[in-house]
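> Sharing work-v9.cif (mmCIF, C-alpha atoms) below.
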```cif
data_run
loop_
_atom_site.label_atom_id
_atom_site.label_comp_id
_atom_site.auth_asym_id
_atom_site.auth_seq_id
_atom_site.Cartn_x
_atom_site.Cartn_y
_atom_site.Cartn_z
CA MET A 1 121.92 244.22 261.89
CA VAL A 2 121.70 240.53 262.14
CA THR A 3 122.69 238.64 265.19
CA ASP A 4 125.82 236.55 265.28
CA GLN A 5 123.75 233.71 266.64
CA ARG A 6 121.65 233.61 263.51
CA VAL A 7 124.72 233.65 261.33
CA ARG A 8 126.29 230.87 263.33
CA GLY A 9 123.10 228.86 262.97
CA GLY A 10 123.36 229.08 259.21
CA ASP A 11 127.01 228.09 259.25
CA GLU A 12 126.31 225.14 261.48
CA PHE A 13 123.68 223.86 259.13
CA GLU A 14 126.03 224.07 256.17
CA ILE A 15 128.72 222.23 258.08
CA PHE A 16 126.21 219.53 258.91
CA ALA A 17 124.92 219.40 255.36
CA ARG A 18 128.37 219.06 253.88
CA ALA A 19 129.21 216.29 256.31
CA ARG A 20 126.03 214.34 255.62
CA SER A 21 125.35 214.93 251.95
CA GLN A 22 127.46 212.08 250.65
CA GLN A 23 125.71 209.55 252.88
CA LEU A 24 122.33 210.99 252.00
CA TYR A 25 123.23 210.76 248.35
CA ARG A 26 124.12 207.10 248.70
CA SER A 27 120.75 206.36 250.26
CA ALA A 28 119.01 208.51 247.70
CA TRP A 29 120.67 206.73 244.83
CA LEU A 30 119.60 203.35 246.14
CA LEU A 31 116.05 204.62 246.46
CA CYS A 32 115.83 206.51 243.19
CA GLY A 33 118.15 204.50 241.01
CA ASN A 34 119.54 207.44 239.08
CA ILE A 35 121.76 210.35 239.87
CA HIS A 36 119.40 213.17 238.87
CA GLU A 37 116.55 212.11 241.06
CA ALA A 38 118.96 211.21 243.82
CA GLU A 39 120.48 214.69 243.79
CA ASP A 40 117.07 216.25 243.69
CA LEU A 41 115.93 214.14 246.62
CA VAL A 42 118.98 215.11 248.66
CA GLN A 43 118.42 218.80 247.97
CA GLU A 44 114.78 218.50 248.94
CA THR A 45 115.81 216.70 252.11
CA LEU A 46 118.36 219.36 253.00
CA ALA A 47 115.75 222.04 252.38
CA LYS A 48 113.36 220.45 254.84
CA VAL A 49 116.04 219.95 257.46
CA TYR A 50 117.12 223.56 256.93
CA VAL A 51 113.63 224.83 257.67
CA ARG A 52 113.42 222.78 260.83
CA TRP A 53 116.96 223.75 261.83
CA ARG A 54 116.18 227.43 261.53
CA ARG A 55 112.84 227.30 263.26
CA ARG A 56 112.79 229.76 266.08
CA PHE A 57 110.73 227.67 268.43
CA GLY A 58 110.82 223.92 268.69
CA GLY A 59 113.53 223.69 266.07
CA GLN A 60 115.94 221.63 268.13
CA ILE A 61 116.78 218.37 266.38
CA ASP A 62 118.12 215.76 268.76
CA ASN A 63 119.85 213.69 266.11
CA PRO A 64 120.17 215.66 262.88
CA ALA A 65 121.80 212.83 260.93
CA ALA A 66 119.03 210.38 261.75
CA TYR A 67 116.42 213.05 261.20
CA ALA A 68 117.79 213.81 257.74
CA GLN A 69 117.75 210.14 256.79
CA THR A 70 114.16 209.90 257.94
CA VAL A 71 113.17 212.97 255.99
CA LEU A 72 114.84 211.58 252.91
CA VAL A 73 113.03 208.26 253.02
CA ARG A 74 109.68 209.86 253.75
CA ALA A 75 110.12 212.36 250.95
CA TRP A 76 110.91 209.57 248.56
CA ILE A 77 107.92 207.52 249.68
CA ASP A 78 105.65 210.54 249.34
CA THR A 79 106.94 211.28 245.88
CA HIS A 80 106.52 207.73 244.82
CA ARG A 81 102.96 207.66 246.09
CA ARG A 82 102.12 210.82 244.17
CA ARG A 83 103.61 209.56 240.98
CA GLY A 84 101.96 206.21 241.18
CA SER A 85 103.68 202.92 241.53
CA ARG A 86 103.81 202.21 237.84
CA GLU A 87 105.69 205.23 236.73
CA ARG A 88 109.36 204.62 236.42
CA PRO A 89 111.58 207.32 235.02
CA VAL A 90 113.70 206.13 232.15
CA GLU A 91 117.25 207.23 232.09
CA ALA A 92 118.27 207.80 228.51
CA VAL A 93 121.85 208.62 229.25
CA PRO A 94 124.32 206.70 231.37
CA ASP A 95 125.07 207.89 234.87
CA GLU A 96 127.91 210.23 234.18
CA GLY A 97 128.78 210.16 237.86
CA VAL A 98 129.59 206.49 237.69
CA HIS A 99 133.05 205.68 236.44
CA ASP A 100 134.43 202.86 238.46
CA ALA A 101 134.93 199.15 238.43
CA ASP A 102 131.68 198.53 240.30
CA ALA A 103 129.52 200.02 237.58
CA GLU A 104 128.16 196.68 236.43
CA LEU A 105 127.44 195.60 239.96
CA ARG A 106 125.72 198.89 240.57
CA LEU A 107 123.58 198.51 237.48
CA ALA A 108 122.57 195.01 238.50
CA LEU A 109 121.67 196.17 241.98
CA ARG A 110 119.66 199.05 240.61
CA ASN A 111 117.67 196.72 238.41
CA ALA A 112 117.05 194.44 241.35
CA LEU A 113 115.93 197.34 243.52
CA ASP A 114 113.68 198.63 240.77
CA ALA A 115 111.73 195.41 241.01
CA LEU A 116 110.93 195.97 244.67
CA GLU A 117 107.87 197.63 246.09
CA PRO A 118 108.69 201.11 247.34
CA LEU A 119 108.26 200.23 250.99
CA ASP A 120 110.42 197.15 250.62
CA ARG A 121 113.06 199.22 248.93
CA ALA A 122 112.96 201.84 251.67
CA VAL A 123 113.19 199.17 254.34
CA LEU A 124 116.18 197.60 252.64
CA VAL A 125 118.04 200.89 252.34
CA ARG A 126 117.32 201.98 255.88
CA ARG A 127 118.15 198.63 257.40
CA TYR A 128 121.16 197.65 255.39
CA LEU A 129 122.79 200.83 254.23
CA ASP A 130 121.90 203.19 257.04
CA ASP A 131 121.95 200.43 259.67
CA ALA A 132 118.78 201.80 261.22
CA PRO A 133 117.09 199.75 263.98
CA VAL A 134 113.89 197.95 263.11
CA ALA A 135 111.85 200.06 265.51
CA ASP A 136 113.11 203.29 263.95
CA VAL A 137 112.34 202.14 260.44
CA ALA A 138 108.90 201.03 261.54
CA ALA A 139 108.18 204.43 263.05
CA GLU A 140 109.48 206.28 260.01
CA LEU A 141 107.43 204.31 257.55
CA GLY A 142 104.34 203.96 259.69
CA ILE A 143 104.37 200.18 259.75
CA SER A 144 104.88 197.61 262.50
CA SER A 145 108.23 196.17 263.46
CA GLY A 146 107.02 192.81 262.28
CA ALA A 147 106.20 194.29 258.92
CA VAL A 148 109.69 195.76 258.71
CA ARG A 149 111.21 192.35 259.35
CA ASN A 150 108.91 190.68 256.84
CA ARG A 151 109.62 193.30 254.23
CA SER A 152 113.35 193.02 254.88
CA MET A 153 113.25 189.32 254.27
CA ARG A 154 111.09 189.69 251.20
CA ALA A 155 113.26 192.44 249.79
CA LEU A 156 116.42 190.47 250.34
CA GLU A 157 114.93 187.44 248.69
CA ARG A 158 113.88 189.42 245.66
CA VAL A 159 117.22 191.14 245.34
CA ARG A 160 118.89 187.77 245.42
CA THR A 161 116.52 186.59 242.73
CA GLY A 162 117.21 189.69 240.74
CA PHE A 163 120.88 188.93 240.80
CA GLY A 164 120.20 185.43 239.63
CA ALA A 165 122.25 184.03 242.46
CA SER A 166 122.63 184.34 246.16
CA LEU A 167 124.22 187.52 247.34
CA SER A 168 126.69 185.37 249.16
CA ASP A 169 128.01 184.24 245.79
CA LEU A 170 129.11 187.72 244.94
CA ARG A 171 132.77 188.36 245.36
CA LEU A 172 132.71 191.04 247.93
CA PRO A 173 135.80 192.50 249.49
CA MET B 1 123.64 192.42 264.28
CA HIS B 2 122.16 192.04 260.86
CA GLU B 3 121.41 188.62 259.56
CA ASP B 4 122.91 189.35 256.18
CA THR B 5 126.29 191.00 256.32
CA ASN B 6 126.77 190.37 252.61
CA THR B 7 123.89 192.70 251.87
CA ILE B 8 125.41 195.41 253.99
CA ALA B 9 128.74 194.95 252.28
CA LEU B 10 127.11 194.97 248.86
CA LEU B 11 125.16 198.17 249.42
CA ASP B 12 128.19 199.80 250.94
CA ARG B 13 130.45 198.77 248.09
CA VAL B 14 128.04 199.73 245.36
CA THR B 15 127.34 203.17 246.77
CA SER B 16 130.75 204.05 248.12
CA GLY B 17 131.97 204.72 244.60
CA LEU B 18 129.21 207.17 243.85
CA VAL B 19 130.56 210.64 243.42
CA THR B 20 128.51 213.77 243.68
CA ASP B 21 129.10 217.48 243.92
CA VAL B 22 128.49 218.08 247.60
CA ASP B 23 128.84 221.84 247.24
CA ARG B 24 126.10 221.90 244.67
CA LEU B 25 123.82 219.74 246.77
CA VAL B 26 124.29 221.92 249.81
CA GLU B 27 123.86 225.14 247.86
CA GLY B 28 120.69 223.80 246.28
CA GLY B 29 119.35 222.48 249.56
CA VAL B 30 119.94 225.75 251.36
CA ARG B 31 118.41 227.69 248.51
CA ARG B 32 115.29 225.56 248.51
CA GLY B 33 115.17 225.71 252.27
CA ARG B 34 115.22 229.49 252.20
CA ILE B 35 112.41 229.53 249.68
CA ARG B 36 110.36 227.14 251.79
CA ARG B 37 111.00 229.17 254.88
CA ARG B 38 110.13 232.38 253.13
CA ARG B 39 106.97 230.91 251.75
CA ARG B 40 106.03 229.67 255.15
CA ARG B 41 106.68 233.08 256.64
CA ILE B 42 104.65 234.89 254.08
CA GLY B 43 102.10 232.14 254.18
CA THR B 44 101.45 232.91 257.82
CA THR B 45 101.16 236.60 257.17
CA LEU B 46 99.61 237.56 253.90
CA ALA B 47 98.06 234.20 253.31
CA ALA B 48 96.62 234.44 256.76
CA ALA B 49 95.12 237.69 255.70
CA ALA B 50 93.58 235.61 252.94
CA VAL B 51 93.34 238.35 250.43
CA VAL B 52 93.56 237.02 246.95
CA GLY B 53 94.80 240.28 245.57
CA ILE B 54 97.41 240.76 248.18
CA ILE B 55 98.52 237.21 247.93
CA GLY B 56 98.86 237.78 244.24
CA VAL B 57 101.10 240.73 244.85
CA ALA B 58 103.00 238.87 247.49
CA ALA B 59 103.51 235.94 245.21
CA SER B 60 104.78 238.16 242.46
CA LEU B 61 107.02 239.88 244.93
CA ALA B 62 108.52 236.55 245.80
CA PRO B 63 109.55 234.80 242.63
CA GLY B 64 110.65 231.77 244.51
CA LEU B 65 107.23 231.45 246.03
CA GLN B 66 105.56 231.91 242.73
CA GLY B 67 107.74 229.28 241.19
CA GLU B 68 107.01 226.79 243.90
CA SER B 69 103.31 227.28 243.94
CA SER B 70 103.04 227.21 240.20
CA THR B 71 104.78 223.88 240.03
CA GLY B 72 102.74 222.54 242.88
CA THR B 73 105.74 221.87 245.03
CA ASP B 74 104.76 220.93 248.51
CA ALA B 75 106.26 219.39 251.56
CA GLY B 76 107.61 216.06 250.65
CA GLN B 77 107.56 216.54 246.95
CA VAL B 78 110.72 216.16 244.95
CA ALA B 79 110.48 218.90 242.41
CA ASP B 80 111.36 218.57 238.80
CA PRO B 81 113.27 215.31 238.76
CA GLY B 82 116.03 215.22 236.25
CA LYS B 83 116.79 218.86 236.75
CA PRO B 84 118.61 219.39 239.98
CA GLU B 85 119.70 222.82 241.05
CA PRO B 86 122.24 224.51 238.80
CA SER B 87 125.86 224.25 239.72
CA ALA B 88 127.19 226.22 242.61
CA LYS B 89 128.92 228.58 240.22
CA GLU B 90 125.68 229.31 238.42
CA GLN B 91 123.54 230.03 241.43
CA LYS B 92 125.92 231.43 243.99
CA ALA B 93 125.24 234.95 245.13
CA PRO B 94 127.97 237.41 244.25
CA ALA B 95 130.84 237.17 246.66
CA SER B 96 130.53 240.86 247.39
CA ALA B 97 126.90 240.60 248.52
CA ARG B 98 126.24 243.19 251.20
CA ASP B 99 124.70 242.59 254.59
CA LEU B 100 121.36 244.08 255.50
CA ASN B 101 121.56 247.11 257.72
CA VAL B 102 117.90 247.22 258.66
CA ARG B 103 115.78 245.23 261.04
CA ALA B 104 112.11 244.70 260.44
CA ASP B 105 111.03 246.85 263.37
CA GLN B 106 113.10 249.75 262.04
CA ILE B 107 111.46 249.76 258.65
CA PRO B 108 108.46 252.00 259.43
CA GLU B 109 110.87 254.76 260.37
CA LEU B 110 112.56 254.47 256.99
CA VAL B 111 109.21 255.23 255.43
CA THR B 112 108.26 258.12 257.69
CA ASP B 113 111.67 259.70 257.10
CA LEU B 114 110.52 260.15 253.53
CA PHE B 115 106.79 260.47 254.01
CA PRO B 116 105.81 261.64 257.47
CA GLY B 117 102.72 259.94 258.76
CA ALA B 118 101.25 258.20 261.76
CA ILE B 119 102.58 254.70 262.26
CA SER B 120 100.57 252.04 264.07
CA LEU B 121 100.51 248.29 264.31
CA ALA B 122 98.99 246.25 261.54
CA SER B 123 96.58 243.49 262.43
CA GLU B 124 98.17 240.63 264.26
CA ARG B 125 97.47 238.17 261.50
CA THR B 126 99.89 239.92 259.16
CA GLY B 127 102.78 238.88 261.36
CA ARG B 128 103.75 242.56 261.69
CA PHE B 129 107.55 242.36 261.96
CA ILE B 130 109.29 239.36 260.47
CA ASP B 131 112.90 239.24 261.58
CA ASP B 132 114.41 236.30 259.81
CA GLY B 133 118.02 237.16 260.47
CA PRO B 134 120.35 237.74 257.58
CA GLU B 135 117.93 236.43 254.98
CA THR B 136 114.63 238.21 255.38
CA GLN B 137 113.39 241.34 257.10
CA VAL B 138 109.77 242.30 256.46
CA ALA B 139 107.47 244.78 258.19
CA HIS B 140 103.70 245.07 257.92
CA PHE B 141 102.44 248.25 259.52
CA LEU B 142 99.84 250.96 259.14
CA TRP B 143 100.87 254.28 257.66
CA ASN B 144 98.13 256.80 258.32
CA GLY B 145 95.86 253.83 258.75
CA PHE B 146 96.78 252.12 255.46
CA LEU B 147 98.40 248.71 255.49
CA THR B 148 101.95 248.96 254.20
CA THR B 149 104.46 246.21 253.63
CA VAL B 150 108.17 246.82 253.20
CA GLY B 151 110.95 244.31 253.29
CA ALA B 152 114.14 242.82 251.94
CA TRP B 153 115.19 239.32 251.10
CA ARG B 154 117.39 237.36 248.73
CA ALA B 155 116.06 237.18 245.19
CA SER B 156 116.99 237.74 241.58
CA ALA B 157 115.24 239.90 239.00
CA GLY B 158 116.06 237.23 236.46
CA ASP B 159 113.32 235.18 238.01
CA VAL B 160 110.58 237.70 237.30
CA CYS B 161 111.42 240.00 234.39
CA GLY B 162 109.98 238.87 231.11
CA LYS B 163 107.22 236.95 232.84
CA GLY B 164 103.67 238.22 233.27
CA LYS B 165 102.70 241.86 233.31
CA VAL B 166 105.63 243.24 235.20
CA GLU B 167 107.56 246.30 234.04
CA CYS B 168 111.30 246.05 234.52
CA ARG B 169 113.66 249.00 234.30
CA MET B 170 117.40 248.91 234.79
CA LEU B 171 118.89 251.68 236.89
CA PRO B 172 122.32 253.25 236.30
CA ASP B 173 123.93 251.15 239.05
CA GLY B 174 122.81 247.97 237.33
CA SER B 175 119.96 247.18 239.70
CA THR B 176 116.51 246.46 238.30
CA LEU B 177 113.34 248.22 239.34
CA VAL B 178 110.22 246.11 238.94
CA ARG B 179 106.74 247.59 238.91
CA TRP B 180 104.12 245.00 239.69
CA PRO B 181 100.62 245.53 238.34
CA ASP B 182 98.08 246.72 240.89
CA VAL B 183 96.07 243.80 242.19
CA THR B 184 92.57 244.03 243.61
CA GLY B 185 91.03 241.29 245.66
CA PRO B 186 87.49 240.01 245.09
CA GLU B 187 84.48 242.09 246.08
CA VAL B 188 83.40 239.55 248.62
CA ASP B 189 86.67 240.11 250.48
CA GLY B 190 86.42 243.88 250.37
CA ALA B 191 88.16 244.52 247.05
CA VAL B 192 91.37 245.71 248.66
CA THR B 193 93.98 246.90 246.19
CA GLY B 194 97.74 246.37 246.54
CA ARG B 195 100.39 248.31 244.64
CA GLY B 196 103.93 247.00 244.64
CA ILE B 197 107.46 247.89 243.62
CA SER B 198 110.66 245.86 243.94
CA LEU B 199 114.28 246.77 243.55
CA PHE B 200 116.56 243.89 242.64
CA THR B 201 120.16 244.73 243.42
CA THR B 202 123.15 243.41 241.54
CA ASP B 203 124.31 241.49 244.59
CA GLY B 204 121.16 239.41 244.89
CA TRP B 205 118.78 241.32 247.15
CA GLU B 206 115.19 242.31 246.58
CA ILE B 207 113.89 245.37 248.40
CA PHE B 208 110.13 245.53 248.03
CA THR B 209 107.14 247.48 249.19
CA VAL B 210 103.40 247.09 248.82
CA SER B 211 100.87 249.80 249.61
CA TYR B 212 97.22 248.91 250.23
CA ASN B 213 94.11 251.03 250.18
CA ALA B 214 92.80 249.56 253.43
CA ALA B 215 93.91 248.83 256.96
CA ASP B 216 94.00 245.15 256.32
CA GLY B 217 93.84 242.80 253.42
CA LYS B 218 90.41 241.38 253.93
CA ASP B 219 87.05 242.01 255.54
CA VAL B 220 87.74 245.67 256.09
CA PRO B 221 86.37 248.67 254.23
CA THR B 222 88.66 250.34 251.78
CA LEU B 223 89.78 253.76 252.96
CA ALA B 224 90.45 255.22 249.56
CA GLU B 225 90.00 254.39 245.94
CA GLU B 226 93.71 253.73 245.51
CA PRO B 227 96.63 252.92 247.81
CA PRO B 228 98.08 256.06 249.42
CA PHE B 229 101.55 255.73 247.92
CA ALA B 230 102.12 256.48 244.28
CA VAL B 231 104.55 254.39 242.29
CA ALA B 232 107.17 257.12 242.41
CA GLN B 233 106.95 257.23 246.19
CA LEU B 234 107.31 253.50 246.45
CA GLU B 235 110.40 253.79 244.28
CA GLN B 236 111.86 256.25 246.73
CA ILE B 237 111.37 253.80 249.55
CA VAL B 238 113.09 250.88 247.89
CA THR B 239 115.93 252.92 246.44
CA ARG B 240 116.98 254.55 249.71
CA ASP B 241 120.67 254.05 250.45
CA VAL B 242 120.04 252.84 253.97
CA TRP B 243 119.36 249.20 253.34
CA PHE B 244 122.89 247.84 253.42
CA ARG B 245 126.05 248.25 255.43
#
```
What does this structure look like when you write it as structure tokens?

Amino acid sequence: MVTDQRVRGGDEFEIFARARSQQLYRSAWLLCGNIHEAEDLVQETLAKVYVRWRRRFGGQIDNPAAYAQTVLVRAWIDTHRRRGSRERPVEAVPDEGVHDADAELRLALRNALDALEPLDRAVLVRRYLDDAPVADVAAELGISSGAVRNRSMRALERVRTGFGASLSDLRLP
Amino acid sequence: MHEDTNTIALLDRVTSGLVTDVDRLVEGGVRRGRIRRRRRRIGTTLAAAAVVGIIGVAASLAPGLQGESSTGTDAGQVADPGKPEPSAKEQKAPASARDLNVRADQIPELVTDLFPGAISLASERTGRFIDDGPETQVAHFLWNGFLTTVGAWRASAGDVCGKGKVECRMLPDGSTLVRWPDVTGPEVDGAVTGRGISLFTTDGWEIFTVSYNAADGKDVPTLAEEPPFAVAQLEQIVTRDVWFR
């Protein structure tokens, strides 16, 4: 004897989750640097959004896509803080999900991102992959807008250094 | 407009080729979400009652909760990196899973049908009737003055049998009956005892009941040496054929 409304709520979440998971996974991969942690992070993100989505009171999410991205970044930051900044999981096997011509580029980028501080990495992903406004990123990460801009610049500079050349030298489509 | 369009293009290019199993991610996310939600629900009921013994029973009645708490999973934590949820095929509930036919507020009547007694409201802090739609229906109520918990939610016996001091018995229809050990809370909290039984169906449901020897889980005098319902009676409750459509 469940209400249709409840059932519809569940369906709506799954529709949303299916539509957003690929984008969340892309962000998660840039943050985590490997497919296992990225998948785990996405699932944890979806779980949190699910709980909020199904909340009886005060569960309305104005912008679910943006909310999910925020949850993802915060979850990653929290995890990173708990683990300690020095711990870096070592991937003993190659990313089996990666079988394309950009594999080398992806590996280089991952190495460059690995060299960033977590907050810088999060800023980079939110600003340049998710195209999030500075103010939003600042609010999500609990830092000032100026700090977001500074971290963006610093992160970009370090990624360029990591590549050994300016990003503009890369042959991008 | 971003100052570095090359960066945007690079991140987009590098990640656009990433392929993942969206079905698996969604299945895993929903599954974890249900566990979180369930834990939160129970956390505001039995945990609010703050009875160690009862919480122990409740935790054992909810394998997902037990698993989360034992691994220390909390909001924001990414659990067990390197081991994402199993594939959709592995964890999907059977396609023929039945729908619940019982709402939380109807549960006391299911008990009195079998064992006539006076029904009254449990203390407010238990949450009383938890109607969580198609996923969870739980009732906390007083039967002849004794706190009684009966409910149904999604779970698998595979998560509990073979672990701890539980007794598992397979029934002819393939479902598994689990007898949890009686748990008694600390003296300082009133030493309330909970006795629990769960029935895990083949289509992924857990029907469970806990009988207590007091009107609440904590800070109340016990009303009897043992909970009022014997194990056999609890079995009758969970094995009634009224739970599903």
> With the PyMOL selection byres ((chain B and resi 192-208) around 6) as the selection, what would be picked from this file? Answer as a ChimeraX atom specification, please.
/B:54,94,97,150-157,175-180,182-185,190-191,209-213,238
> For this file, the PyMOL selection byres ((chain B and resi 240) around 12) selects which residues, as a short mmCIF file (atom, residue, chain, number, x, y, z; two decimals) with C-alpha atoms, in the frame of the given file?

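Final output, expr.cif:
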```
data_model
loop_
_atom_site.label_atom_id
_atom_site.label_comp_id
_atom_site.auth_asym_id
_atom_site.auth_seq_id
_atom_site.Cartn_x
_atom_site.Cartn_y
_atom_site.Cartn_z
CA ASN B 101 121.56 247.11 257.72
CA VAL B 102 117.90 247.22 258.66
CA ILE B 107 111.46 249.76 258.65
CA LEU B 110 112.56 254.47 256.99
CA VAL B 111 109.21 255.23 255.43
CA ASP B 113 111.67 259.70 257.10
CA LEU B 114 110.52 260.15 253.53
CA LEU B 199 114.28 246.77 243.55
CA ILE B 207 113.89 245.37 248.40
CA PHE B 208 110.13 245.53 248.03
CA GLN B 233 106.95 257.23 246.19
CA LEU B 234 107.31 253.50 246.45
CA GLU B 235 110.40 253.79 244.28
CA GLN B 236 111.86 256.25 246.73
CA ILE B 237 111.37 253.80 249.55
CA VAL B 238 113.09 250.88 247.89
CA THR B 239 115.93 252.92 246.44
CA ASP B 241 120.67 254.05 250.45
CA VAL B 242 120.04 252.84 253.97
CA TRP B 243 119.36 249.20 253.34
CA PHE B 244 122.89 247.84 253.42
#
```
> Rank nothing, just name the residue among A:Ala108, A:Leu141, A:Leu46, A:Leu24 nearest to chain B, using all atoms listed in the file.
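The answer is A:Leu46, which sits nearest to chain B.
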> Applying the PyMOL selection byres ((chain B and resi 218) around 6) to the file I just gave you, which residues come out? Please list them as a list in words.
Val51, Asp189, Gly190, Asp216, Gly217, Asp219 and Val220 of chain B
> Please determine, counting only C-alpha atoms, which residue among B:Thr112, B:Ser123, B:Gln137, B:Thr148 has the shortest atom-to-atom distance to chain A.
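Of B:Thr112, B:Ser123, B:Gln137, B:Thr148, the one nearest chain A is B:Gln137, counting only C-alpha atoms.
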> Using only C-alpha atoms, which of A:Ala115, A:Ala122, A:Val159, A:Ala47 sits nearest Thr70 (chain A)?
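Closest to Thr70 (chain A), using only C-alpha atoms: A:Ala122.
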> Restricting the calculation to only C-alpha atoms, which member of B:Thr126, B:Phe146, B:Ser120, B:Asp131 is positioned closest to chain A?
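Closest to chain A, using only C-alpha atoms: B:Asp131.
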> If the box runs along x, y and z of the file and leaves 6 Å on each side of region 126-134 of chain B, what are its centre and edge lengths in Å, one decimal, as lines of an AutoDock Vina configuration file?

```
center_x = 110.1
center_y = 239.4
center_z = 259.8
size_x = 32.5
size_y = 18.3
size_z = 16.4
```
> Report the distance between CA of Thr20 (chain B) and CA of Arg127 (chain A) in Å, rounded to one decimal place.
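Result for CA of Thr20 (chain B) versus CA of Arg127 (chain A): 22.9 Å, one decimal.
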> Between A:Arg20, A:Arg121, A:Lys48, A:Arg110, which has the minimum distance to chain B (counting all atoms listed in the file)?
A:Lys48
> Could you tell me which of B:Thr222, B:Leu147, B:Met170, B:Arg245 comes closest to chain A if we count only C-alpha atoms?
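When distances to chain A are compared using only C-alpha atoms, the smallest one comes from B:Arg245.
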> What gap, in Å, lies between CA of Leu119 (chain A) and CA of Arg18 (chain A)?
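Here the two named atoms are 27.7 Å from each other.
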> Could you tell me how far CA of Ala214 (chain B) sits from CA of Pro227 (chain B), in Å to one decimal place?
7.6 Å
